[in-house]
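Undergrad: Mind having a look at this structure? Questions to follow.
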Amino acid sequence: MFLNFKKKAPEYIDLDVVDGKIQLIKYKDEKNQLQLIGLTEKDLGVLHAYKQYLINDLDGIISDFYTHIMSVDELKEMIHAHSTLNRLQTVVKKQIESMFNGFIDDDYINSRLKVASTHVRIKLNTNWYMIAFQVLKTRIENQIYEQNLHPNYIRSLLSALNKIINFEEKLVITTGGGKNFASSFT
C-alpha cells in the first residue's frame with residue numbers, strides 16, 4: 001500500500017506579495033487586449049502562487065477531461081485521426097502549466113497561435129473547442145474548491161483563471177477564424 005501525500009494549498013496566500021510579468025514585444029494588440037480583459041501581472045502572480053498545488057492533481061484533471069471528451073464520438077474520431085491521446089494529454093498539460101507560470105510573453109502567444117493553426121488544419125469546429133475548454137476550466141475550478149482556501153483567495157484565483165482562459169480562447173478563436181476553424185482558409 002502506498003500513501004499519497006498531496007501538497008495542500010494553504011488557506012491564505014498574501015496577495016500583496018504575488019506578481020507576475022507581462023512582457024509582449026511583438027504582440028502590441030494582444031497587450032492591449034490583456035488590459036481590456038483586466039488580466040494584470042497581479043493576476044498572473046496569483047495563478048503562479050497556486051501552480052505548485054495544481055500540479056499535484058494535474059494528471060488527474062487531464063485524465064478526467066479526456067475521459068469526458070472521448071465520450072463524444074466526433075471528438076474521439078478527430079483525436080484518433082489526427083493525433084494520439086497521450087500526445088494531446090502532454091500538449092494540454094504544458095498549456096495548463098504555462099497558464100500558471102506567472103508570465104505572458106511573445107513565446108506564450110506563439111504557442112497559442114500554434115494551437116490555433118492545428119485546429120485550422122484539422123478543421124475543428126469552434127463550438128467543440130469552446131465546450132472542451134469549459135470542461136477543462138470546470139475541472140480546474142473543482143480542484144480549487146477542494147482546497148481549504150480563504151474565500152478571498154478563491155475569489156482572486158477564480159477571477160484570474162477566468163481572465164486567462166478568456167484570453168486563451170480569444171487568441172485561438174480569432175486566429176482560427178471564428179465559427180469554424182476550417183473557415184480560416186476557405
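Letters for chains follow the order of the C-alpha cells (A, B, ...), residue numbers begin at 1 for each chain, and ligand numbers begin at 1 in the order shown.
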Per residue of stretch 26-67 of chain A within 12 Å of stretch 120-133 of chain A, note the shortest atom pair and the distance in Å to one decimal, counting only C-alpha atoms, and order the rows by chain and increasing residue number, as a Markdown table.
TA:
```
| residue | atom | partner | partner_atom | distance |
| --- | --- | --- | --- | --- |
| A:Ile62 | CA | A:Ala132 | CA | 11.4 |
| A:Asp64 | CA | A:Ala132 | CA | 11.8 |
| A:Phe65 | CA | A:Ala132 | CA | 8.1 |
| A:Tyr66 | CA | A:Ala132 | CA | 9.2 |
| A:Thr67 | CA | A:Ala132 | CA | 11.4 |
```
Undergrad: I'd like the contact shell of stretch 45-53 of chain A - 6 Å cut-off, only C-alpha atoms, skipping same-chain residues fewer than 6 positions apart - returned as number ranges by chain.
TA: A: 9, 18-20, 100-102
Undergrad: Could you pull out the helix (DSSP H, G or I) residues of stretch 11-146 of chain A from DSSP and send them as a VMD selection string?
TA: chain A and resid 15 to 17 28 to 37 41 to 69 73 to 82 85 to 99 106 to 122 126 to 146
Undergrad: Which parts of stretch 36-154 of chain A does DSSP call strand (DSSP E or B) when run on the backbone here, written out as a list of chain:residue names?
TA: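 Taking stretch 36-154 of chain A and keeping strand (DSSP E or B) only, one gets A:Phe103, A:Ile104, A:Asp105, A:Asn125.
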Undergrad: Kindly export the residues of the current selection with all heavy atoms, as a compact mmCIF listing (two decimals), in the first residue's frame.
TA:
```
# COMPACT_ATOMS: atom_id res chain seq x y z
N PHE A 103 3.68 34.43 -16.19
CA PHE A 103 4.10 35.41 -17.18
C PHE A 103 3.47 35.12 -18.54
O PHE A 103 3.13 33.99 -18.86
CB PHE A 103 5.63 35.47 -17.30
CG PHE A 103 6.26 34.19 -17.78
CD1 PHE A 103 6.43 33.94 -19.14
CD2 PHE A 103 6.71 33.25 -16.88
CE1 PHE A 103 7.02 32.77 -19.58
CE2 PHE A 103 7.29 32.06 -17.31
CZ PHE A 103 7.45 31.82 -18.67
N ILE A 104 3.31 36.20 -19.27
CA ILE A 104 2.87 36.11 -20.66
C ILE A 104 3.88 36.90 -21.48
O ILE A 104 4.11 38.09 -21.22
CB ILE A 104 1.45 36.68 -20.85
CG1 ILE A 104 0.43 35.79 -20.13
CG2 ILE A 104 1.10 36.78 -22.34
CD1 ILE A 104 -1.01 36.29 -20.21
N ASP A 105 4.49 36.21 -22.42
CA ASP A 105 5.45 36.86 -23.31
C ASP A 105 5.15 36.43 -24.75
O ASP A 105 4.15 35.76 -25.01
CB ASP A 105 6.88 36.52 -22.89
CG ASP A 105 7.19 35.03 -22.91
OD1 ASP A 105 6.34 34.22 -23.38
OD2 ASP A 105 8.28 34.65 -22.45
N ASN A 125 -14.33 22.30 -35.15
CA ASN A 125 -15.40 23.27 -35.01
C ASN A 125 -15.16 24.09 -33.74
O ASN A 125 -14.87 23.55 -32.69
CB ASN A 125 -16.75 22.54 -34.92
CG ASN A 125 -17.92 23.48 -34.88
OD1 ASN A 125 -18.07 24.25 -33.94
ND2 ASN A 125 -18.75 23.42 -35.89
```
Undergrad: Please, what distance in Å, to one decimal, runs between atom CA of A:Lys163 and atom CA of A:His119?
TA: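 Spanning atom CA of A:Lys163 to atom CA of A:His119 is a straight-line distance of 21.9 Å.
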